[in-house]
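Participant: So that we are looking at the same thing, I have put the structure below in structure tokens.
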Amino acid sequence: MPKRKAAIAVGGVAALGAAAILLPNANASQDKNQASGTTGTARTLKATQASGLAAQLQKVLGDAVAGSYYDSGKQQLVVNVVSGDNNVIAQVKKAGAVARQVSNSTSELKAAATTLKTKATIPGTSWAVDPRTDKVLVTADSTVTGAKWNRLQSTVQSLGSGMATLKKSAGTFKTFVSGGDAIFSQTQQGGVRCSLGFNVTASDGSPAFLTAGHCGVAAKDWSDSQNGQPVATVDQAKFPGNDFSLVKYNDPSTQAPSEVNTGNGQTVQITQAADATVGETVFRMGSTTGLHDGQVTGLDATVNFASETVPGGTDTVNGLIQTNVCAEPGDSGGSLFTQDGGAVGLTSGGSGDCTSGGETFFQPVTAALQATGATLGGGNAAGGAGDQSGSAAPSASAGDQSGAGDQSGSADPSASASDPAGAAGDQSGGSADPSASAGGQSGNGAGSGDQSGSGSANDGSSLTSTR
């Protein structure tokens with residue numbers, strides 16, 4: 001279909017749930033204390049501004065800073081300071097953040113994560129730094145029992161009482177492939193379905209999109225309808241280690257607008273890539289469960305998924321964003337974004353569902369863009385590479401938002417965002433659920449003319465969401 005609209009921008013969902021909340025205008029919250037950077041008064045910030053400021057302070061102060069988080073109630077950035085050095089505290093305050101003295105340094109927290117990787121890489125476990133508690137939060141799903149639980153518990157205890165916290169999850173960590181109605185593929189094992197994350201422009205200028213890496217290694221050709229012809233082909237895919245795929249549209253004239261379809265005819269314009277900040281509110285759109293929101297609870301998370309291709313094996317993914325936003329099978333690859341149009345993550349996996357809740361993990365978009373060489377925006381759509389350079393925070397330079405170095409500081413050096421993404425054919429261990437049938441979904445996200453691609457009606461100024 002010539003000049004077809006890429007209306008599968010995350011898949012339309014007819015019903016988003018029972019109760020809805022209308023969030024305030026995304027552009028209404030501005031910095032109320034512009035002069036506070038010199039007076040030492042904590043500035044009132046939007047979450048995206050806090051993210052940029054946190055990245056700047058981390059670069060300037062190094063290990064004297066042990067993470068940071070966004071206090072959404074006070075709309076302030078809280079920065080953990082290890083040293084009692086009054087000069088460091090003064091610099092944090094001068095920048096407009098709140099200085100909070102803690103015990104554990106960044107290097108100590110990373111060392112704890114390295115110990116966990118060495119001694120407790122067990123399927124069904126995860127760990128991430130929680131700057132609000134200044135500890136590593138270790139989670140075990142319902143499959144971690146007996147000797148495995150004892151091994152994990154012993155490892156956590158060996159780190160010291162003030163270094164890590166261990167908790168149990170009622171669900172099972174898994175990648176969310178199956179169900180949904182956004183993008184489809186057929187393999188020898190059966191049908192596979194995922195959600196499209198964000199439209200981008202590939203490094204050669206062709207229109208493409210980002211989705212989960214485990215979707216890209218599971219299948220090469222993708223369609224926008226259950227039994228339709230392929231409309232896009234995997235160009236690069238990375239899983240495990242990271243979890244992202246770059247998929248190019250087969251028709252170079254495809255119009256792929258830089259927006260997220262949030263259902264009910266509404267879209268949110270995506271204007272830049274943004275690093276996640278612990279404590280900020282984020283939105284997830286997926287083809288199975290639609291639009292949901294929650295908070296970022298951890299960064300640099302490591303998740304050990306039980307391998308679906310290697311019996312008894314483990315697929316470990318590093319450098320992920322951890323949240324309490326719900327997700328279900330079919331939501332894999334779907335977009336995690338901010339109210340004001342920041343592309344934050346791609347749905348990787350987690351536990352639970354949208355009835356009972358759970359933990360969810362996301363591949364940072366900034367790292368995926370750097371690794372693939374892609375830029376936000378579709379080829380032939382307004383808002384391409386130029387959208388990528390804009391920082392989420394006015395005070396932050398574009399370099400602060402590049403993300404890979406700041407976002408993916410995993411204990412596993414091999415999980416760096418600079419790790420070249422391999423071709424889909426070179427990858428093994430895709431974790432798609434081959435038994436997922438395409439029934440029950442009508443393909444609401446497909447269709448060539450349903451979306452105007454402009455997003456002018458909303459432009460991210462308001463957003464309706466459910467939990």
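For the structure tokens, the naming scheme is as follows: chains receive sequential letters (A, B, ...) according to their order of presentation, residues are indexed from 1 within each chain, and ligands are indexed from 1 in presentation order.
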Sorted by chain and rising residue number, list the residues of range 208-319 of chain A at most 9 Å from range 187-195 of chain A (counting only C-alpha atoms), each with its closest atom pair and distance in Å to one decimal, as CSV.
Facilitator:
residue,atom,partner,partner_atom,distance
A:Thr211,CA,A:Ser195,CA,6.9
A:Ala212,CA,A:Cys194,CA,8.1
A:Cys215,CA,A:Cys194,CA,6.6
A:Ala218,CA,A:Val192,CA,7.8
A:Ala219,CA,A:Thr187,CA,6.5
A:Lys220,CA,A:Thr187,CA,8.9
A:Trp222,CA,A:Arg193,CA,8.9
A:Gln226,CA,A:Gly191,CA,8.8
A:Met285,CA,A:Ser195,CA,8.5
A:Gly286,CA,A:Ser195,CA,5.9
A:Ser287,CA,A:Ser195,CA,5.6
A:Thr288,CA,A:Ser195,CA,8.4
Participant: I'd like the neighbourhood of Val98 in chain A as a short mmCIF file (atom, residue, chain, number, x, y, z; two decimals) with N, CA, C and O atoms, in the first residue's frame, where a residue qualifies if any of its atoms comes within 9 Å (using only C-alpha atoms), though same-chain residues fewer than 2 positions away should be ignored.
Facilitator:
data_model
loop_
_atom_site.label_atom_id
_atom_site.label_comp_id
_atom_site.auth_asym_id
_atom_site.auth_seq_id
_atom_site.Cartn_x
_atom_site.Cartn_y
_atom_site.Cartn_z
N THR A 41 18.74 27.12 47.07
CA THR A 41 17.39 26.64 47.35
C THR A 41 17.02 25.54 46.38
O THR A 41 17.29 25.65 45.18
N ALA A 42 16.42 24.47 46.87
CA ALA A 42 16.03 23.36 46.00
C ALA A 42 15.03 23.84 44.95
O ALA A 42 14.04 24.50 45.28
N ARG A 43 15.28 23.52 43.71
CA ARG A 43 14.44 23.96 42.61
C ARG A 43 13.23 23.05 42.45
O ARG A 43 13.28 21.86 42.74
N GLN A 76 11.23 17.76 43.59
CA GLN A 76 12.64 18.08 43.78
C GLN A 76 13.51 16.86 43.48
O GLN A 76 13.07 15.72 43.62
N LEU A 77 14.75 17.12 43.08
CA LEU A 77 15.73 16.07 42.89
C LEU A 77 16.51 15.88 44.19
O LEU A 77 17.05 16.85 44.75
N VAL A 78 16.54 14.66 44.69
CA VAL A 78 17.30 14.32 45.90
C VAL A 78 18.55 13.57 45.48
O VAL A 78 18.47 12.56 44.78
N VAL A 79 19.70 14.06 45.88
CA VAL A 79 20.99 13.48 45.50
C VAL A 79 21.66 12.87 46.72
O VAL A 79 21.85 13.56 47.74
N ASN A 80 22.02 11.60 46.64
CA ASN A 80 22.71 10.93 47.73
C ASN A 80 24.20 11.30 47.71
O ASN A 80 24.87 11.14 46.68
N ILE A 89 28.39 18.87 49.24
CA ILE A 89 27.01 19.21 49.61
C ILE A 89 26.65 20.59 49.07
O ILE A 89 25.55 20.81 48.55
N VAL A 92 25.90 20.41 45.32
CA VAL A 92 24.59 19.82 45.06
C VAL A 92 23.49 20.86 45.31
O VAL A 92 22.57 21.03 44.50
N LYS A 93 23.60 21.57 46.41
CA LYS A 93 22.59 22.58 46.74
C LYS A 93 22.62 23.73 45.75
O LYS A 93 21.57 24.26 45.35
N GLY A 96 20.68 23.23 42.73
CA GLY A 96 19.23 23.24 42.88
C GLY A 96 18.65 21.92 43.34
O GLY A 96 17.43 21.72 43.26
N ARG A 100 21.44 14.61 50.35
CA ARG A 100 21.08 13.64 51.40
C ARG A 100 22.28 12.74 51.67
O ARG A 100 22.77 12.06 50.78
#
Participant: Pick out the closest residue to Asp331 in chain A from this set: A:Lys174, A:Asn304, A:Leu299, A:Gly319. Count only C-alpha atoms.
Facilitator: A:Lys174
Participant: Write out as a list in words the set of residues from range 170-362 of chain A that DSSP, computed on the backbone, places in alpha helix (DSSP H).
Facilitator: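 Going through range 170-362 of chain A, the alpha helix (DSSP H) residues come out as Gly213, His214, Cys215, Gly216, Val217 and Ala218 of chain A.
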Participant: Would you pick out the contacts of Phe173 in chain A at 7 Å or less, using only C-alpha atoms, so that residues sharing its chain but fewer than 6 positions from it are not included, and give the list as a compact mmCIF listing (two decimals) with C-alpha atoms, in the first residue's frame?
Facilitator:
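The result, stored in result19.txt:
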# COMPACT_ATOMS: atom_id res chain seq x y z
CA GLY A 124 13.82 -15.95 38.49
CA ASP A 141 10.08 -14.86 41.94
CA PHE A 305 14.96 -14.97 32.96
CA GLY A 349 9.55 -8.54 30.98
CA GLY A 350 8.58 -8.96 34.59
CA SER A 351 6.14 -10.71 36.86
Participant: Between A:Gln363, A:Ser126, A:Ser51, A:Gln58, single out the one closest to Thr302 in chain A, counting only C-alpha atoms.
Facilitator: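 Using only C-alpha atoms, the shortest distance to Thr302 in chain A belongs to A:Ser126.
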Participant: Residues near range 106-120 of chain A, anyone? I mean within 8 Å using only C-alpha atoms, not counting same-chain ones fewer than 4 positions away, as a PyMOL selection string.
Facilitator: chain A and resi 63+65-67+127-129+135-136+151-152+155-156+159+163+410-412
Participant: Which of these, A:Ile321, A:Ile183, A:Val144, A:Ala232, has the shortest distance to Ser169 in chain A once you count only C-alpha atoms?
Facilitator: A:Val144
Participant: Counting only C-alpha atoms, which of A:Asn104, A:Ser206, A:Thr201, A:Thr175 gets nearest to Gly160 in chain A?
Facilitator: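 The answer is A:Asn104, which sits nearest to Gly160 in chain A.
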Participant: Please report the interatomic distance between CA of Gly358 in chain A and CA of Asn150 in chain A in Å with one decimal.
Facilitator: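 These two atoms are separated by 22.9 Å.
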Participant: By how many Å are CA of Pro252 in chain A and CA of Leu369 in chain A apart?
Facilitator: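 Going from CA of Pro252 in chain A over to CA of Leu369 in chain A, I get 19.8 Å.
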Participant: Could you tell me which of A:Ser72, A:Ser223, A:Thr172, A:Thr281 comes closest to Phe184 in chain A if we count only C-alpha atoms?
Facilitator: A:Ser223
